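Chemist: The structure that follows is given in the form of structure tokens.
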Amino acid sequence: MKIVIIGAGLGGLSFGALAARDGHEVLLIDKNKEPGGVLTLARQDGFCFEQGPLLLTDLAPGDSVWRFLKELGIRLETQREDRGLCTPDFSLNPPECYEGPDWRKKRLKALFPADRRGIDEYYRFYDALTKLRFLAGEKPSALTMLKMARAYRKIKPYENMNCRAFTEKLFSDERLRLIFNGILADFCADPEEVHCLLLPFVNTETAFDKRIPTGRGKKKLYSDYRVITGGCQKLPEALCEYILAHGGTFLPETVAEKVLVEDGKAAGVRLSDGRVVYADAVVGAGSARDFFEQTVGEAYLDDAYRDILKRFRPMEAVFMVHLGVDFDPSVYQKPCLCYYYGSYDLHGAVEKLRNGVYHGGGDGYLIYFPDRHAPAFAPAGCHCVTIYTVCPDRLREGSWEEKKEEYADRLIRLAEKHLPGLSDHIVTKKIMTAEDYRRLTHMSKSSFGGTVPIWKQKNPPHKTPVKNLVFIGQQSENGGGVPLVINGAADAYEKWKGEADLCG
Ligand SMILES: Cc1cc2nc3c(=O)[nH]c(=O)nc-3n(C[C@H](O)[C@H](O)[C@H](O)COP(=O)(O)OP(=O)(O)OC[C@H]3O[C@@H](n4cnc5c(N)ncnc54)[C@H](O)[C@@H]3O)c2cc1C
């Protein structure tokens, strides 16, 4: 069958690789020169910067993305890294000498003695949930079911709790709540909207110290956080190479303007250069609203799909300042990525984002060293520093183009508190605003990581009301993030294949 895939981001590439493996004729269309979407590199003055994902889960041997790539015969070298965390009052960076897997628990109890019991309760919940997830992947047996029931009993009291209620029940100190809820700001999610079961998965202890083992004995209980050696662009490059080697085609710098629908079936696409490509199936990615409202046409949807499209909430944008510097900043920051929180008021921070008010780094920012795992990103003697924050897609006052220099300077000044002398060592500066991301991803509203993980929110399903039209990527039912986008595309492919086979 001939399959046209609109968007050569990770979603499109993953779907395309599986289809090409099975002998389908794959045509990948993307408006950019290179495949990868947000995983493509920004290049300037001899430096390369990663515009997308920083730390990834599910890449370790045996994990889902690793298995997906292995099945295709793709091997990428990866390395563990850890995530640092600093608040206005204290820092929770990994200790110089390894202190064991419970170092954070001990440190938190020392910092917040009044909340010792709540801290113990959190870690009981964390262990039970991790165990439950592990057991769910085991062969079903009477013993497994019994163990699952035991673990579930420890989680049951929280099964109807959101993150805010959960952390308020456990911790009296708002600073402690931020330790666990803070990461939700990345998703532009209010702790009140998110189910508390998500918290252990976005705060895996193994993320905070790469020396923590991921399992006990032969059992792997926790995922770890990794970077791809040589840069995360290696992942889309390898997938695209695989597609081309299996007879597929990549059409760069081309926009798919219209999906052609005939008799309720996807029949092909009309391209920006006026050409029409007929196909047996069309796969779309990117912004769900743009795709269905403009490229497909809402008239082809049913009420249920239209309703999901209207209600689901995509995340907001990011503001990134990439710097090429002629000193080694890792002397001052040990983890390759560190979160610097500036406020304990997450609800207020999210409200600002949603109302077009940019905090200018005041609510928090991240500092990342991309060349740590990809030394070729910087010329000899130099290094890369990326400082970034979440931000509103559109500013209530002024435009990103007008404000970007002022905001970049503000972030550099903030980062300088941790990387002394930073501004004296800048060789080059590249700013990425929400407007730049809109262009890169072909979205009319930039949304950097997918959908907000709102409890009970339904995201646009892979299966659409138009026959042989599949929707994948970070704004589809799987949500965003590298593993979810890859696993979601693989799921969508299997479902589509099942139905396509049935139709002969
Ligand atoms: C700054 C940043 C940090 C992130 N951090 C992490 C992280 O630490 N961990 C993690 O797991 N994930 C992270 N993510 C999220 C993850 O990278 C994304 O969820 C994932 O890569 C999205 O893949 P995608 O294929 O859905 O979309 P995209 O990468 O947006 O690709 C879609 C592609 O489709 C093209 N396109 C769309 N419509 C058309 C059309 N009509 N015609 C032609 N081309 C079209 C776009 O140009 C784009 O190239 C991060 C993302 C960003 C931006």
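Each chain in the structure tokens gets a letter, A, B, ..., in the order shown, and its residues are numbered from 1; ligands are numbered from 1 in order too.
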Around ligand 1, at most 8 Å away and counting only C-alpha atoms and all ligand atoms, which residues are there? Put them as a count of residues only, please.
Modeler: 60
Chemist: Which residues come within 10 Å of stretch 126-129 of chain A, counting only C-alpha atoms, excluding same-chain residues fewer than 6 positions away, as a PDB file with N, CA, C and O atoms, in the first residue's frame?
Modeler:
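File produced: part_20.pdb:
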ATOM      1  N   ASP A 120       7.854   9.569  54.533  1.00  0.00           N
ATOM      2  CA  ASP A 120       7.813   8.092  54.536  1.00  0.00           C
ATOM      3  C   ASP A 120       6.599   7.589  53.769  1.00  0.00           C
ATOM      4  O   ASP A 120       6.688   6.629  53.018  1.00  0.00           O
ATOM      5  N   LEU A 135       4.767  -5.398  38.134  1.00  0.00           N
ATOM      6  CA  LEU A 135       4.004  -6.653  38.145  1.00  0.00           C
ATOM      7  C   LEU A 135       3.042  -6.726  36.962  1.00  0.00           C
ATOM      8  O   LEU A 135       2.785  -7.800  36.425  1.00  0.00           O
ATOM      9  N   MET A 148       0.019  -8.102  43.305  1.00  0.00           N
ATOM     10  CA  MET A 148      -0.571  -6.861  42.777  1.00  0.00           C
ATOM     11  C   MET A 148      -1.644  -6.340  43.724  1.00  0.00           C
ATOM     12  O   MET A 148      -1.737  -5.133  43.992  1.00  0.00           O
ATOM     13  N   ARG A 150      -1.768  -6.747  46.866  1.00  0.00           N
ATOM     14  CA  ARG A 150      -1.103  -6.206  48.056  1.00  0.00           C
ATOM     15  C   ARG A 150      -0.581  -4.784  47.783  1.00  0.00           C
ATOM     16  O   ARG A 150      -0.740  -3.876  48.586  1.00  0.00           O
ATOM     17  N   ALA A 151       0.053  -4.641  46.601  1.00  0.00           N
ATOM     18  CA  ALA A 151       0.595  -3.316  46.251  1.00  0.00           C
ATOM     19  C   ALA A 151      -0.552  -2.326  46.061  1.00  0.00           C
ATOM     20  O   ALA A 151      -0.475  -1.166  46.486  1.00  0.00           O
ATOM     21  N   TYR A 152      -1.621  -2.791  45.433  1.00  0.00           N
ATOM     22  CA  TYR A 152      -2.744  -1.894  45.146  1.00  0.00           C
ATOM     23  C   TYR A 152      -3.378  -1.345  46.438  1.00  0.00           C
ATOM     24  O   TYR A 152      -3.808  -0.194  46.493  1.00  0.00           O
ATOM     25  N   ARG A 153      -3.391  -2.205  47.483  1.00  0.00           N
ATOM     26  CA  ARG A 153      -3.983  -1.764  48.762  1.00  0.00           C
ATOM     27  C   ARG A 153      -3.306  -0.494  49.276  1.00  0.00           C
ATOM     28  O   ARG A 153      -3.925   0.359  49.891  1.00  0.00           O
ATOM     29  N   LYS A 154      -2.014  -0.379  48.998  1.00  0.00           N
ATOM     30  CA  LYS A 154      -1.264   0.795  49.489  1.00  0.00           C
ATOM     31  C   LYS A 154      -1.571   2.048  48.658  1.00  0.00           C
ATOM     32  O   LYS A 154      -1.347   3.173  49.088  1.00  0.00           O
ATOM     33  N   ILE A 155      -2.069   1.831  47.457  1.00  0.00           N
ATOM     34  CA  ILE A 155      -2.339   2.968  46.566  1.00  0.00           C
ATOM     35  C   ILE A 155      -3.793   3.411  46.643  1.00  0.00           C
ATOM     36  O   ILE A 155      -4.125   4.571  46.448  1.00  0.00           O
ATOM     37  N   LEU A 197      -1.299   9.786  40.702  1.00  0.00           N
ATOM     38  CA  LEU A 197      -0.551   8.590  40.283  1.00  0.00           C
ATOM     39  C   LEU A 197       0.576   8.921  39.304  1.00  0.00           C
ATOM     40  O   LEU A 197       1.485   8.128  39.099  1.00  0.00           O
ATOM     41  N   LEU A 198       0.491  10.107  38.708  1.00  0.00           N
ATOM     42  CA  LEU A 198       1.546  10.494  37.758  1.00  0.00           C
ATOM     43  C   LEU A 198       2.854  10.860  38.489  1.00  0.00           C
ATOM     44  O   LEU A 198       3.951  10.720  37.928  1.00  0.00           O
ATOM     45  N   LEU A 199       2.717  11.337  39.735  1.00  0.00           N
ATOM     46  CA  LEU A 199       3.890  11.929  40.404  1.00  0.00           C
ATOM     47  C   LEU A 199       5.115  11.004  40.481  1.00  0.00           C
ATOM     48  O   LEU A 199       6.224  11.425  40.138  1.00  0.00           O
ATOM     49  N   PRO A 200       4.958   9.752  40.906  1.00  0.00           N
ATOM     50  CA  PRO A 200       6.162   8.903  40.963  1.00  0.00           C
ATOM     51  C   PRO A 200       6.818   8.707  39.599  1.00  0.00           C
ATOM     52  O   PRO A 200       8.032   8.580  39.515  1.00  0.00           O
ATOM     53  N   PHE A 201       6.007   8.728  38.539  1.00  0.00           N
ATOM     54  CA  PHE A 201       6.594   8.474  37.211  1.00  0.00           C
ATOM     55  C   PHE A 201       7.356   9.684  36.671  1.00  0.00           C
ATOM     56  O   PHE A 201       8.258   9.522  35.855  1.00  0.00           O
ATOM     57  N   ASN A 203       8.839  11.719  38.741  1.00  0.00           N
ATOM     58  CA  ASN A 203       9.876  11.980  39.745  1.00  0.00           C
ATOM     59  C   ASN A 203      10.604  10.682  40.105  1.00  0.00           C
ATOM     60  O   ASN A 203      10.840  10.409  41.279  1.00  0.00           O
ATOM     61  N   THR A 204      10.951   9.902  39.093  1.00  0.00           N
ATOM     62  CA  THR A 204      11.660   8.644  39.382  1.00  0.00           C
ATOM     63  C   THR A 204      12.949   8.985  40.127  1.00  0.00           C
ATOM     64  O   THR A 204      13.714   9.854  39.680  1.00  0.00           O
ATOM     65  N   GLU A 205      13.198   8.322  41.219  1.00  0.00           N
ATOM     66  CA  GLU A 205      14.396   8.638  42.005  1.00  0.00           C
ATOM     67  C   GLU A 205      15.670   8.450  41.178  1.00  0.00           C
ATOM     68  O   GLU A 205      16.661   9.153  41.381  1.00  0.00           O
ATOM     69  N   LEU A 221      13.127  -2.291  37.978  1.00  0.00           N
ATOM     70  CA  LEU A 221      11.907  -1.682  38.514  1.00  0.00           C
ATOM     71  C   LEU A 221      11.708  -0.256  38.020  1.00  0.00           C
ATOM     72  O   LEU A 221      10.601   0.198  37.826  1.00  0.00           O
ATOM     73  N   TYR A 222      12.821   0.452  37.881  1.00  0.00           N
ATOM     74  CA  TYR A 222      12.730   1.880  37.557  1.00  0.00           C
ATOM     75  C   TYR A 222      13.305   2.170  36.190  1.00  0.00           C
ATOM     76  O   TYR A 222      14.228   1.494  35.742  1.00  0.00           O
TER      77      TYR A 222
END
Chemist: Quick one: everything within 10 Å of A:Asp424, counting only C-alpha atoms, minus sequence neighbours fewer than 3 positions away in the same chain. Send it as a count of residues only.
Modeler: 7
Chemist: Can you build me a table of stretch 253-349 of chain A residues sitting at most 7 Å from stretch 185-193 of chain A, with the closest atom pair per residue and its distance in Å to one decimal, using only C-alpha atoms, sorted by chain and residue number, as CSV?
Modeler:
residue,atom,partner,partner_atom,distance
A:Met315,CA,A:Cys188,CA,5.8
A:Glu316,CA,A:Cys188,CA,6.4
A:Leu346,CA,A:Asp190,CA,6.8
A:His347,CA,A:Asp190,CA,5.5
Chemist: Would you mind telling me which residue in A:Phe250, A:Phe312, A:Tyr225, A:Trp496 lies nearest to A:Glu237 when using only C-alpha atoms?
Modeler: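 Of A:Phe250, A:Phe312, A:Tyr225, A:Trp496, the one nearest A:Glu237, counting only C-alpha atoms, is A:Phe250.
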Chemist: Pick the closest to A:Leu366 from A:Arg394, A:Arg83, A:Arg175, A:Arg354: which is it, counting only C-alpha atoms?
Modeler: A:Arg83
Chemist: Which residue gives the smallest distance to A:Glu77 among A:Glu293, A:Gly362, A:Ala20, A:Ala374, with only C-alpha atoms counted?
Modeler: A:Ala374
Chemist: Could you pull out the residues in stretch 50-281 of chain A that DSSP calls strand (DSSP E or B) from the backbone, as a count of residues only?
Modeler: 40
Chemist: So that I can see what lies close to A:Thr229, please list as a count of residues only the residues with an atom at most 9 Å from it, counting only C-alpha atoms and leaving out residues fewer than 5 positions away in the same chain.
Modeler: 8
Chemist: Would you mind telling me which residue in A:Leu108, A:Ala165, A:Cys336, A:Asp224 lies nearest to A:Pro61 when using only C-alpha atoms?
Modeler: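 Checking each of A:Leu108, A:Ala165, A:Cys336, A:Asp224 against A:Pro61, counting only C-alpha atoms, the winner is A:Asp224.
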Chemist: In terms of the shortest atom-to-atom distance over only C-alpha atoms, which of A:Met1, A:Pro460, A:Lys430, A:Val269 is closest to A:Ala19?
Modeler: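 Counting only C-alpha atoms, the residue closest to A:Ala19 is A:Met1.
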Chemist: Interatomic distance between atom CA of A:Ser446 and atom CA of A:Pro392?
Modeler: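 Atom CA of A:Pro392 lies 8.8 Å from atom CA of A:Ser446.
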Chemist: From the list A:Lys458, A:Arg226, A:Lys139, A:His418, which residue is nearest A:Ala304 when using only C-alpha atoms?
Modeler: A:Lys458
Chemist: Excluding A:Met432 and residues on its chain fewer than 3 positions from it, collect all residues at most 8 Å away from it, counting only C-alpha atoms, and give them as a PyMOL selection string.
Modeler: chain A and resi 319-322+435-437
Chemist: Please identify all polymer residues within 6 Å of A:Gly364, counting only C-alpha atoms, omitting same-chain residues fewer than 5 positions from it, and present them as a list in words.
Modeler: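 These residues fall inside the cut-off: Tyr340, Tyr341 and Gly342 of chain A.
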Chemist: Quick one, how far is atom CA of A:Val283 from atom CA of A:Glu499?
Modeler: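 Between atom CA of A:Val283 and atom CA of A:Glu499 the gap is 14.4 Å.
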Chemist: For A:Arg311, work out the shell of residues within 12 Å, counting only C-alpha atoms and skipping chain neighbours fewer than 4 positions away, then give it as a PyMOL selection string.
Modeler: chain A and resi 288-289+304-307+451-452+454+456-460
